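Undergrad: Following this line is data-v4.cif, made up of mmCIF, C-alpha atoms:
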```cif
data_target
loop_
_atom_site.group_PDB
_atom_site.id
_atom_site.type_symbol
_atom_site.label_atom_id
_atom_site.label_comp_id
_atom_site.auth_asym_id
_atom_site.auth_seq_id
_atom_site.Cartn_x
_atom_site.Cartn_y
_atom_site.Cartn_z
ATOM 1 C CA MET A 195 88.674 98.229 98.936
ATOM 2 C CA LYS A 196 89.197 100.789 101.676
ATOM 3 C CA ASN A 197 92.585 102.258 102.616
ATOM 4 C CA HIS A 198 93.485 103.312 106.139
ATOM 5 C CA HIS A 199 96.430 105.641 106.690
ATOM 6 C CA TYR A 200 98.662 105.765 109.767
ATOM 7 C CA LYS A 201 101.343 108.171 110.856
ATOM 8 C CA THR A 202 103.896 107.889 113.637
ATOM 9 C CA THR A 203 106.884 109.987 114.533
ATOM 10 C CA ILE A 204 110.151 108.408 115.608
ATOM 11 C CA GLU A 205 112.653 110.857 117.100
ATOM 12 C CA TRP A 206 116.166 109.871 118.092
ATOM 13 C CA THR A 207 117.004 111.193 121.580
ATOM 14 C CA GLY A 208 120.344 109.452 122.056
ATOM 15 C CA ASN A 209 122.817 112.111 120.923
ATOM 16 C CA LYS A 210 125.318 112.372 123.791
ATOM 17 C CA GLY A 211 126.943 115.472 122.278
ATOM 18 C CA THR A 212 128.996 114.040 119.428
ATOM 19 C CA GLY A 213 126.250 112.402 117.371
ATOM 20 C CA THR A 214 127.224 109.165 115.673
ATOM 21 C CA SER A 215 130.944 109.949 115.727
ATOM 22 C CA GLY A 216 131.587 106.392 116.932
ATOM 23 C CA TYR A 217 129.576 103.202 117.456
ATOM 24 C CA ARG A 218 129.836 103.509 121.249
ATOM 25 C CA ASN A 219 129.398 107.308 121.347
ATOM 26 C CA TYR A 220 125.618 107.447 121.087
ATOM 27 C CA GLU A 221 122.565 105.937 122.715
ATOM 28 C CA ARG A 222 119.905 104.065 120.794
ATOM 29 C CA SER A 223 117.167 105.927 122.718
ATOM 30 C CA HIS A 224 114.247 107.375 120.818
ATOM 31 C CA THR A 225 110.590 108.263 121.230
ATOM 32 C CA ILE A 226 107.657 106.836 119.321
ATOM 33 C CA SER A 227 104.633 109.073 119.077
ATOM 34 C CA ALA A 228 101.331 109.393 117.304
ATOM 35 C CA GLU A 229 98.901 112.274 117.539
ATOM 36 C CA ASN A 230 96.893 112.366 120.788
ATOM 37 C CA LYS A 231 98.601 109.249 122.188
ATOM 38 C CA THR A 232 101.082 108.577 124.964
ATOM 39 C CA VAL A 233 104.721 108.746 123.896
ATOM 40 C CA ILE A 234 106.583 105.437 124.036
ATOM 41 C CA GLU A 235 110.219 105.438 125.107
ATOM 42 C CA GLY A 236 112.181 103.211 122.749
ATOM 43 C CA SER A 237 115.673 101.831 122.345
ATOM 44 C CA SER A 238 117.320 98.855 120.718
ATOM 45 C CA ASP A 239 117.562 95.437 122.305
ATOM 46 C CA PRO A 240 120.362 95.266 124.911
ATOM 47 C CA ALA A 241 122.162 92.831 122.584
ATOM 48 C CA PHE A 242 122.542 95.802 120.217
ATOM 49 C CA ARG A 243 123.686 98.358 122.831
ATOM 50 C CA GLY A 244 120.147 99.321 123.819
ATOM 51 C CA ASP A 245 118.498 100.303 127.085
ATOM 52 C CA LYS A 246 116.809 97.274 128.663
ATOM 53 C CA THR A 247 114.259 99.523 130.404
ATOM 54 C CA LYS A 248 112.746 100.753 127.128
ATOM 55 C CA HIS A 249 110.665 99.021 124.475
ATOM 56 C CA ASN A 250 112.588 97.860 121.429
ATOM 57 C CA PRO A 251 111.285 97.270 117.886
ATOM 58 C CA GLU A 252 111.199 93.527 118.461
ATOM 59 C CA ASP A 253 109.017 93.932 121.592
ATOM 60 C CA LEU A 254 106.675 96.220 119.692
ATOM 61 C CA PHE A 255 106.474 93.897 116.676
ATOM 62 C CA LEU A 256 105.542 90.946 118.890
ATOM 63 C CA SER A 257 103.071 93.119 120.804
ATOM 64 C CA SER A 258 101.470 94.297 117.553
ATOM 65 C CA LEU A 259 100.738 90.739 116.484
ATOM 66 C CA SER A 260 99.418 89.767 119.902
ATOM 67 C CA SER A 261 97.259 92.881 120.241
ATOM 68 C CA CYS A 262 95.802 92.603 116.732
ATOM 69 C CA HIS A 263 94.895 88.953 117.324
ATOM 70 C CA MET A 264 93.265 89.766 120.673
ATOM 71 C CA LEU A 265 91.158 92.593 119.248
ATOM 72 C CA TRP A 266 89.831 90.425 116.406
ATOM 73 C CA TYR A 267 89.276 87.533 118.796
ATOM 74 C CA LEU A 268 87.230 89.645 121.217
ATOM 75 C CA HIS A 269 85.212 90.990 118.285
ATOM 76 C CA PHE A 270 84.372 87.506 117.022
ATOM 77 C CA CYS A 271 83.545 86.269 120.538
ATOM 78 C CA SER A 272 81.179 89.181 121.009
ATOM 79 C CA GLU A 273 79.440 88.389 117.704
ATOM 80 C CA ALA A 274 79.188 84.682 118.599
ATOM 81 C CA GLY A 275 77.770 85.250 122.083
ATOM 82 C CA ILE A 276 80.943 84.027 123.782
ATOM 83 C CA ILE A 277 81.363 86.064 126.955
ATOM 84 C CA VAL A 278 85.055 86.621 127.617
ATOM 85 C CA THR A 279 85.788 87.930 131.099
ATOM 86 C CA HIS A 280 89.595 87.898 130.964
ATOM 87 C CA TYR A 281 92.282 87.634 128.265
ATOM 88 C CA ILE A 282 96.043 87.501 128.651
ATOM 89 C CA ASP A 283 98.670 86.465 126.113
ATOM 90 C CA GLU A 284 102.252 85.529 126.923
ATOM 91 C CA ALA A 285 103.477 85.836 123.324
ATOM 92 C CA THR A 286 106.949 84.626 122.331
ATOM 93 C CA GLY A 287 109.053 85.205 119.250
ATOM 94 C CA ILE A 288 112.293 84.028 117.725
ATOM 95 C CA MET A 289 114.448 86.408 115.724
ATOM 96 C CA GLU A 290 117.315 84.902 113.788
ATOM 97 C CA GLU A 291 120.415 87.061 113.419
ATOM 98 C CA THR A 292 122.669 86.288 110.456
ATOM 99 C CA ALA A 293 126.461 86.462 110.296
ATOM 100 C CA THR A 294 126.184 89.865 108.579
ATOM 101 C CA GLY A 295 124.178 91.303 111.490
ATOM 102 C CA SER A 296 120.870 91.414 109.617
ATOM 103 C CA GLY A 297 118.054 89.142 110.636
ATOM 104 C CA ARG A 298 114.368 88.331 110.654
ATOM 105 C CA PHE A 299 111.678 86.839 112.807
ATOM 106 C CA THR A 300 111.198 83.178 111.986
ATOM 107 C CA GLU A 301 108.510 82.326 114.483
ATOM 108 C CA ILE A 302 105.941 83.897 116.767
ATOM 109 C CA THR A 303 103.700 81.933 119.083
ATOM 110 C CA LEU A 304 100.702 83.451 120.777
ATOM 111 C CA ASN A 305 99.748 81.783 124.060
ATOM 112 C CA PRO A 306 96.430 83.380 124.952
ATOM 113 C CA THR A 307 94.652 82.329 128.128
ATOM 114 C CA VAL A 308 91.015 83.261 127.839
ATOM 115 C CA THR A 309 88.394 83.043 130.559
ATOM 116 C CA VAL A 310 84.775 82.613 129.487
ATOM 117 C CA SER A 311 81.663 82.776 131.647
ATOM 118 C CA ASN A 312 80.200 79.345 130.838
ATOM 119 C CA ALA A 313 81.548 75.852 130.072
ATOM 120 C CA SER A 314 79.269 75.611 127.026
ATOM 121 C CA MET A 315 81.376 78.360 125.385
ATOM 122 C CA VAL A 316 84.768 76.626 125.599
ATOM 123 C CA GLU A 317 84.883 74.846 122.213
ATOM 124 C CA LYS A 318 83.658 77.838 120.215
ATOM 125 C CA ALA A 319 86.056 80.071 122.169
ATOM 126 C CA LYS A 320 88.963 77.843 121.060
ATOM 127 C CA GLU A 321 87.779 77.784 117.425
ATOM 128 C CA LEU A 322 87.552 81.556 117.147
ATOM 129 C CA HIS A 323 91.336 81.890 117.487
ATOM 130 C CA HIS A 324 91.624 80.490 113.946
ATOM 131 C CA LYS A 325 89.206 83.084 112.597
ATOM 132 C CA ALA A 326 91.004 85.879 114.461
ATOM 133 C CA ASN A 327 94.277 84.783 112.866
ATOM 134 C CA GLU A 328 92.699 84.851 109.397
ATOM 135 C CA PHE A 329 91.523 88.429 109.920
ATOM 136 C CA CYS A 330 94.450 89.932 111.852
ATOM 137 C CA PHE A 331 95.982 92.681 109.711
ATOM 138 C CA ILE A 332 99.426 92.236 111.223
ATOM 139 C CA ALA A 333 99.460 88.422 110.902
ATOM 140 C CA ASN A 334 98.430 88.848 107.264
ATOM 141 C CA SER A 335 101.432 91.130 106.729
ATOM 142 C CA VAL A 336 104.214 88.796 107.871
ATOM 143 C CA ASN A 337 106.012 86.131 105.842
ATOM 144 C CA PHE A 338 105.802 83.359 108.431
ATOM 145 C CA LYS A 339 102.983 81.472 110.133
ATOM 146 C CA VAL A 340 101.877 82.812 113.496
ATOM 147 C CA LYS A 341 101.291 79.899 115.862
ATOM 148 C CA HIS A 342 98.590 79.775 118.530
ATOM 149 C CA ILE A 343 98.439 77.703 121.708
ATOM 150 C CA PRO A 344 95.204 78.873 123.339
ATOM 151 C CA THR A 345 93.916 77.928 126.778
ATOM 152 C CA VAL A 346 90.296 78.504 127.680
ATOM 153 C CA LEU A 347 89.182 78.616 131.307
ATOM 154 C CA VAL A 348 85.679 78.934 132.791
ATOM 155 C CA LYS A 349 84.906 81.281 135.634
#
```
Write the structure described by the file as structure tokens, please.

TA:
Amino acid sequence: MKNHHYKTTIEWTGNKGTGTSGYRNYERSHTISAENKTVIEGSSDPAFRGDKTKHNPEDLFLSSLSSCHMLWYLHFCSEAGIIVTHYIDEATGIMEETATGSGRFTEITLNPTVTVSNASMVEKAKELHHKANEFCFIANSVNFKVKHIPTVLVK
């Protein structure tokens, strides 16, 4: 077994001068950084007093699942001789908020539209989404099933 280690830095940037002296007295703004990578401007979801122009943890969680799936999928297509020329995923997620204010994601659906170079590749291209899901590190780390509704086009 091989371990991989990751490190990110989250820094709160929303102190408006009085810190967290009151629920409405501070912004939820923060930065997300990792060495040698572009800084991501973050906030909370607007439903939780966040800035709608910045990424929130829920966006990033959904994006992590979608990105991980895509990277495995492209890897397996490459190995199988499936030539993918375009890939886009309009991923969706449902987060359930409880009466106490806590919550959890209950469902994520990936909706990848993949373009392959030849009609003979379509069936295998569809099948490889299952394998990508089995290998995706992020999908293997969540406590709910990640759904997939793939579309494969030929161009």

Undergrad: To one decimal place, how far is CA of Thr307 in chain A from CA of Ala333 in chain A in Å?

TA: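 Straight-line distance from CA of Thr307 in chain A to CA of Ala333 in chain A works out to 18.9 Å.
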
Undergrad: I'd like to know which of A:Glu284, A:Glu291, A:Val278, A:His323 is closest to Lys349 in chain A, using only C-alpha atoms.

TA: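 The closest residue to Lys349 in chain A is A:Val278.
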
Undergrad: Applying the PyMOL selection byres ((chain A and resi 242) around 12) to the file I just gave you, which residues come out? Please list them as a ChimeraX atom specification.

TA: /A:217-218,221-223,237-241,243-246,250-252,291,295-296

Undergrad: How close does each residue of range 323-346 of chain A get to range 265-272 of chain A, giving the shortest atom pair and distance in Å to one decimal for every residue with an atom at most 10 Å away, counting all atoms listed in the file, sorted by chain and residue number, as a tab-separated table?

TA:
```
residue	atom	partner	partner_atom	distance
A:His323	CA	A:Tyr267	CA	6.1
A:His324	CA	A:Tyr267	CA	8.9
A:Lys325	CA	A:Tyr267	CA	7.6
A:Ala326	CA	A:Tyr267	CA	5.0
A:Asn327	CA	A:Trp266	CA	8.0
A:Glu328	CA	A:Trp266	CA	9.4
A:Phe329	CA	A:Trp266	CA	7.0
A:Cys330	CA	A:Trp266	CA	6.5
A:Phe331	CA	A:Trp266	CA	9.4
```

Undergrad: Let me know the residues the PyMOL selection byres ((chain A and resi 336) around 12) catches in the file above, as a PyMOL selection string.

TA: chain A and resi 255-256+258-259+298-302+327+330-335+337-340

Undergrad: Can you write out the residues you just picked, keeping C-alpha atoms, as a tab-separated table (two decimals), keeping the file's coordinate frame?

TA:
```tsv
chain	number	residue	atom	x	y	z
A	255	PHE	CA	106.47	93.90	116.68
A	256	LEU	CA	105.54	90.95	118.89
A	258	SER	CA	101.47	94.30	117.55
A	259	LEU	CA	100.74	90.74	116.48
A	298	ARG	CA	114.37	88.33	110.65
A	299	PHE	CA	111.68	86.84	112.81
A	300	THR	CA	111.20	83.18	111.99
A	301	GLU	CA	108.51	82.33	114.48
A	302	ILE	CA	105.94	83.90	116.77
A	327	ASN	CA	94.28	84.78	112.87
A	330	CYS	CA	94.45	89.93	111.85
A	331	PHE	CA	95.98	92.68	109.71
A	332	ILE	CA	99.43	92.24	111.22
A	333	ALA	CA	99.46	88.42	110.90
A	334	ASN	CA	98.43	88.85	107.26
A	335	SER	CA	101.43	91.13	106.73
A	337	ASN	CA	106.01	86.13	105.84
A	338	PHE	CA	105.80	83.36	108.43
A	339	LYS	CA	102.98	81.47	110.13
A	340	VAL	CA	101.88	82.81	113.50
```

Undergrad: Please evaluate the PyMOL selection byres ((chain A and resi 279) around 7) against the displayed coordinates and give the resulting residues as a ChimeraX atom specification.

TA: /A:277-278,280,309-311

Undergrad: Show which residues sit within 9 Å of Ile282 in chain A, as an MDAnalysis selection string. Count only C-alpha atoms, and ignore same-chain residues fewer than 3 positions away.

TA: chainID A and resid 264 305:308

Undergrad: Take the residues from that selection and put them in a file with C-alpha atoms, as a compact mmCIF listing (two decimals), in the frame of the given file.

TA:
```txt
# COMPACT_ATOMS: atom_id res chain seq x y z
CA MET A 264 93.26 89.77 120.67
CA ASN A 305 99.75 81.78 124.06
CA PRO A 306 96.43 83.38 124.95
CA THR A 307 94.65 82.33 128.13
CA VAL A 308 91.02 83.26 127.84
```

Undergrad: Between A:Ala293, A:Ile204, A:Ala228, A:Leu304, which residue has the minimum interatomic distance to Ser261 in chain A, considering only C-alpha atoms?

TA: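 That would be A:Leu304, the residue with the smallest distance to Ser261 in chain A.
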
Undergrad: Any idea what the distance is between CA of Val316 in chain A and CA of Asp283 in chain A?

TA: 17.0 Å

Undergrad: Could you tell me how far CA of Gly297 in chain A sits from CA of His224 in chain A, in Å to one decimal place?

TA: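 Result for CA of His224 in chain A versus CA of Gly297 in chain A: 21.2 Å, one decimal.
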
Undergrad: Restricting the calculation to all atoms listed in the file, which member of A:Leu254, A:Ala274, A:Ile226, A:Ile288 is positioned closest to Glu317 in chain A?

TA: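 Counting all atoms listed in the file, the residue closest to Glu317 in chain A is A:Ala274.
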
Undergrad: May I ask which of the residues A:Ser227, A:Thr286, A:Thr247, A:Thr292 is the closest one to Ser260 in chain A, counting only C-alpha atoms?

TA: A:Thr286

Undergrad: With all heavy atoms retained, output range 246-257 of chain A as a PDB file, in the first residue's frame.

TA:
```
ATOM      1  N   LYS A 246     -21.736  34.986  -3.458  1.00  0.00           N
ATOM      2  CA  LYS A 246     -22.127  34.141  -4.583  1.00  0.00           C
ATOM      3  C   LYS A 246     -21.112  34.146  -5.721  1.00  0.00           C
ATOM      4  O   LYS A 246     -21.171  33.309  -6.613  1.00  0.00           O
ATOM      5  CB  LYS A 246     -23.500  34.547  -5.110  1.00  0.00           C
ATOM      6  CG  LYS A 246     -23.529  35.904  -5.777  1.00  0.00           C
ATOM      7  CD  LYS A 246     -24.917  36.254  -6.272  1.00  0.00           C
ATOM      8  CE  LYS A 246     -24.889  37.620  -6.950  1.00  0.00           C
ATOM      9  NZ  LYS A 246     -26.204  38.030  -7.398  1.00  0.00           N
ATOM     10  N   THR A 247     -20.145  35.064  -5.697  1.00  0.00           N
ATOM     11  CA  THR A 247     -19.146  35.132  -6.757  1.00  0.00           C
ATOM     12  C   THR A 247     -17.915  34.275  -6.467  1.00  0.00           C
ATOM     13  O   THR A 247     -17.000  34.229  -7.280  1.00  0.00           O
ATOM     14  CB  THR A 247     -18.691  36.587  -7.010  1.00  0.00           C
ATOM     15  OG1 THR A 247     -17.961  37.051  -5.872  1.00  0.00           O
ATOM     16  CG2 THR A 247     -19.873  37.499  -7.302  1.00  0.00           C
ATOM     17  N   LYS A 248     -17.893  33.621  -5.316  1.00  0.00           N
ATOM     18  CA  LYS A 248     -16.737  32.804  -4.937  1.00  0.00           C
ATOM     19  C   LYS A 248     -17.159  31.349  -4.786  1.00  0.00           C
ATOM     20  O   LYS A 248     -18.305  31.048  -4.484  1.00  0.00           O
ATOM     21  CB  LYS A 248     -16.142  33.322  -3.622  1.00  0.00           C
ATOM     22  CG  LYS A 248     -15.606  34.732  -3.752  1.00  0.00           C
ATOM     23  CD  LYS A 248     -15.069  35.256  -2.450  1.00  0.00           C
ATOM     24  CE  LYS A 248     -14.564  36.686  -2.627  1.00  0.00           C
ATOM     25  NZ  LYS A 248     -14.149  37.264  -1.369  1.00  0.00           N
ATOM     26  N   HIS A 249     -16.192  30.458  -4.969  1.00  0.00           N
ATOM     27  CA  HIS A 249     -16.459  29.026  -4.803  1.00  0.00           C
ATOM     28  C   HIS A 249     -16.744  28.725  -3.335  1.00  0.00           C
ATOM     29  O   HIS A 249     -16.096  29.266  -2.440  1.00  0.00           O
ATOM     30  CB  HIS A 249     -15.261  28.196  -5.258  1.00  0.00           C
ATOM     31  CG  HIS A 249     -15.027  28.259  -6.735  1.00  0.00           C
ATOM     32  ND1 HIS A 249     -15.830  27.637  -7.645  1.00  0.00           N
ATOM     33  CD2 HIS A 249     -14.079  28.898  -7.451  1.00  0.00           C
ATOM     34  CE1 HIS A 249     -15.395  27.867  -8.855  1.00  0.00           C
ATOM     35  NE2 HIS A 249     -14.327  28.643  -8.772  1.00  0.00           N
ATOM     36  N   ASN A 250     -17.704  27.836  -3.112  1.00  0.00           N
ATOM     37  CA  ASN A 250     -17.988  27.411  -1.742  1.00  0.00           C
ATOM     38  C   ASN A 250     -17.604  25.939  -1.581  1.00  0.00           C
ATOM     39  O   ASN A 250     -17.340  25.243  -2.574  1.00  0.00           O
ATOM     40  CB  ASN A 250     -19.460  27.688  -1.384  1.00  0.00           C
ATOM     41  CG  ASN A 250     -20.430  26.943  -2.262  1.00  0.00           C
ATOM     42  OD1 ASN A 250     -20.398  25.729  -2.346  1.00  0.00           O
ATOM     43  ND2 ASN A 250     -21.311  27.677  -2.936  1.00  0.00           N
ATOM     44  N   PRO A 251     -17.529  25.445  -0.352  1.00  0.00           N
ATOM     45  CA  PRO A 251     -17.104  24.056  -0.140  1.00  0.00           C
ATOM     46  C   PRO A 251     -17.965  23.045  -0.898  1.00  0.00           C
ATOM     47  O   PRO A 251     -17.453  22.027  -1.373  1.00  0.00           O
ATOM     48  CB  PRO A 251     -17.242  23.874   1.376  1.00  0.00           C
ATOM     49  CG  PRO A 251     -17.088  25.249   1.929  1.00  0.00           C
ATOM     50  CD  PRO A 251     -17.736  26.154   0.918  1.00  0.00           C
ATOM     51  N   GLU A 252     -19.243  23.342  -1.027  1.00  0.00           N
ATOM     52  CA  GLU A 252     -20.129  22.417  -1.724  1.00  0.00           C
ATOM     53  C   GLU A 252     -19.783  22.354  -3.217  1.00  0.00           C
ATOM     54  O   GLU A 252     -19.753  21.268  -3.811  1.00  0.00           O
ATOM     55  CB  GLU A 252     -21.593  22.827  -1.510  1.00  0.00           C
ATOM     56  CG  GLU A 252     -22.051  22.738  -0.066  1.00  0.00           C
ATOM     57  CD  GLU A 252     -21.649  23.932   0.816  1.00  0.00           C
ATOM     58  OE1 GLU A 252     -21.185  24.972   0.276  1.00  0.00           O
ATOM     59  OE2 GLU A 252     -21.779  23.837   2.039  1.00  0.00           O
ATOM     60  N   ASP A 253     -19.509  23.521  -3.836  1.00  0.00           N
ATOM     61  CA  ASP A 253     -19.064  23.554  -5.232  1.00  0.00           C
ATOM     62  C   ASP A 253     -17.793  22.717  -5.406  1.00  0.00           C
ATOM     63  O   ASP A 253     -17.659  21.941  -6.352  1.00  0.00           O
ATOM     64  CB  ASP A 253     -18.698  24.980  -5.675  1.00  0.00           C
ATOM     65  CG  ASP A 253     -19.844  25.952  -5.750  1.00  0.00           C
ATOM     66  OD1 ASP A 253     -20.998  25.526  -5.940  1.00  0.00           O
ATOM     67  OD2 ASP A 253     -19.568  27.166  -5.618  1.00  0.00           O
ATOM     68  N   LEU A 254     -16.856  22.920  -4.502  1.00  0.00           N
ATOM     69  CA  LEU A 254     -15.561  22.259  -4.613  1.00  0.00           C
ATOM     70  C   LEU A 254     -15.677  20.755  -4.381  1.00  0.00           C
ATOM     71  O   LEU A 254     -14.985  19.963  -5.036  1.00  0.00           O
ATOM     72  CB  LEU A 254     -14.563  22.894  -3.650  1.00  0.00           C
ATOM     73  CG  LEU A 254     -14.257  24.364  -3.947  1.00  0.00           C
ATOM     74  CD1 LEU A 254     -13.407  24.970  -2.836  1.00  0.00           C
ATOM     75  CD2 LEU A 254     -13.577  24.527  -5.291  1.00  0.00           C
ATOM     76  N   PHE A 255     -16.559  20.341  -3.485  1.00  0.00           N
ATOM     77  CA  PHE A 255     -16.786  18.924  -3.229  1.00  0.00           C
ATOM     78  C   PHE A 255     -17.343  18.251  -4.488  1.00  0.00           C
ATOM     79  O   PHE A 255     -16.841  17.214  -4.939  1.00  0.00           O
ATOM     80  CB  PHE A 255     -17.749  18.761  -2.044  1.00  0.00           C
ATOM     81  CG  PHE A 255     -18.079  17.337  -1.709  1.00  0.00           C
ATOM     82  CD1 PHE A 255     -17.111  16.477  -1.227  1.00  0.00           C
ATOM     83  CD2 PHE A 255     -19.374  16.870  -1.859  1.00  0.00           C
ATOM     84  CE1 PHE A 255     -17.424  15.163  -0.905  1.00  0.00           C
ATOM     85  CE2 PHE A 255     -19.695  15.569  -1.539  1.00  0.00           C
ATOM     86  CZ  PHE A 255     -18.716  14.708  -1.064  1.00  0.00           C
ATOM     87  N   LEU A 256     -18.361  18.865  -5.071  1.00  0.00           N
ATOM     88  CA  LEU A 256     -18.965  18.342  -6.294  1.00  0.00           C
ATOM     89  C   LEU A 256     -17.929  18.317  -7.421  1.00  0.00           C
ATOM     90  O   LEU A 256     -17.803  17.325  -8.152  1.00  0.00           O
ATOM     91  CB  LEU A 256     -20.168  19.207  -6.673  1.00  0.00           C
ATOM     92  CG  LEU A 256     -20.958  18.824  -7.910  1.00  0.00           C
ATOM     93  CD1 LEU A 256     -21.523  17.415  -7.807  1.00  0.00           C
ATOM     94  CD2 LEU A 256     -22.095  19.828  -8.107  1.00  0.00           C
ATOM     95  N   SER A 257     -17.158  19.378  -7.539  1.00  0.00           N
ATOM     96  CA  SER A 257     -16.120  19.451  -8.568  1.00  0.00           C
ATOM     97  C   SER A 257     -15.050  18.386  -8.369  1.00  0.00           C
ATOM     98  O   SER A 257     -14.527  17.832  -9.345  1.00  0.00           O
ATOM     99  CB  SER A 257     -15.461  20.829  -8.572  1.00  0.00           C
ATOM    100  OG  SER A 257     -16.401  21.818  -8.889  1.00  0.00           O
TER     101      SER A 257
END
```
